[in-house]
Amino acid sequence: MKSALLLVDIQNDFLPGGALAVPEGDAVVPIANRLQWLFNTVVASQDWHPPGHLSFASSHAGLKPFDTTTVAGLEQILWPDHCVQNTAGAEFARDLNTEGVDAVFRKGEDPRYDSYSAFFDNGHQRSSGLADWLHARSITRVYIVGLAADVCVLFTALDAVNEGFDTVVVSDATRGVDLQPGDTKRALDRMPQQGVSLVTSRTILN
Ligand code: VGL
Ligand code: ZN
């Protein structure tokens, strides 16, 4: 059985002080760094939007961040401008060890489509190539850490199950946005019901 560690969107804009700050988002960084030593394969996703991306409230006249609208038939939460390509906010967290990262999968690059999952866009039309990349290396289990628990980590984990991976989310190595109070708890409750295992980093590190 071969495993990979998947670092989801551990980027400056999702850390305290960032454009779309996740409360305590920085807490995942040291855990992600410690876990990396245990894995031969480490992959990172990077939210990577062009300016004017349709997921930005600033792209929709009259709407503001965290309003909801419909884009191409899909419900879309409108976010503050975040993770704009080639800006400091889009860079990986300064303290994240990226030396051992074997591949980076960028998402949200098409101005028309948002992509919470590292595997597929939100309409499930376009694959990022991540599943093929992992399958090609005979990886059957993925351990997921990063941000945000109730957005990109959740949808990445659900897609990983669908793609046939034994999927494990490291519960103390993720934090949520909690746009609605309880979102993070609901996301973590939903995971085991959908075939995702939850473990703590302690269990893995011991
Ligand atoms: C994310 C909202 C918008 C995430 C990305 O990484 O969880 N959330 N874009
Ligand atoms: Zn985004």
# chains A, B, ... in the order shown; residues from 1 in each chain; ligands from 1
$ residues_near_ligand --ligand "ligand 1" --cutoff "10 Å" --atoms "only C-alpha atoms and all ligand atoms" --output "PyMOL selection string"
chain A and resi 8-11+13-14+20-22+45-49+55-56+66+76-83+107-108+114-118+146-156+175-177
$ closest_residue --among "A:Thr174, A:Glu163, A:Pro51, A:Arg34" --to "Gly195 (chain A)" --atoms "only C-alpha atoms"
A:Glu163
$ atom_distance --atom1 "CA of Asn122 (chain A)" --atom2 "CA of Ala88 (chain A)"
25.0 Å
$ residues_around --residues "Asn40 (chain A)" --least-positions-apart "2" --cutoff "8 Å" --atoms "only C-alpha atoms" --output "ChimeraX atom specification"
/A:3-4,37-38,42
$ atom_distance --atom1 "CA of Arg186 (chain A)" --atom2 "CA of His60 (chain A)"
28.9 Å
$ select_by_dssp --residues "region 1-87 of chain A" --states "alpha helix (DSSP H)" --output "count of residues only"
9
$ select_by_dssp --residues "chain A" --states "strand (DSSP E or B)" --output "count of residues only"
56
$ closest_residue --among "A:Ala90, A:Arg112, A:Val43, A:Ile204" --to "Ser59 (chain A)" --atoms "only C-alpha atoms"
A:Arg112
$ closest_residue --among "A:Gln85, A:Thr98, A:Thr203, A:Ser138" --to "Asp110 (chain A)" --atoms "only C-alpha atoms"
A:Gln85
$ closest_residue --among "A:Gln36, A:Leu6, A:Ile144, A:Ala61" --to "Met191 (chain A)" --atoms "only C-alpha atoms"
A:Ile144
$ closest_residue --among "A:Glu24, A:Glu99, A:Asp121, A:Asp166" --to "ligand 2" --atoms "only C-alpha atoms and all ligand atoms"
A:Asp121
$ closest_residue --among "A:Ser58, A:Asn162, A:Ser128, A:Thr41" --to "Arg106 (chain A)" --atoms "only C-alpha atoms"
A:Ser128
$ residues_around --residues "Leu96 (chain A)" --least-positions-apart "4" --cutoff "9 Å" --atoms "only C-alpha atoms" --output "PyMOL selection string"
chain A and resi 10-11+29-30+32-33+92
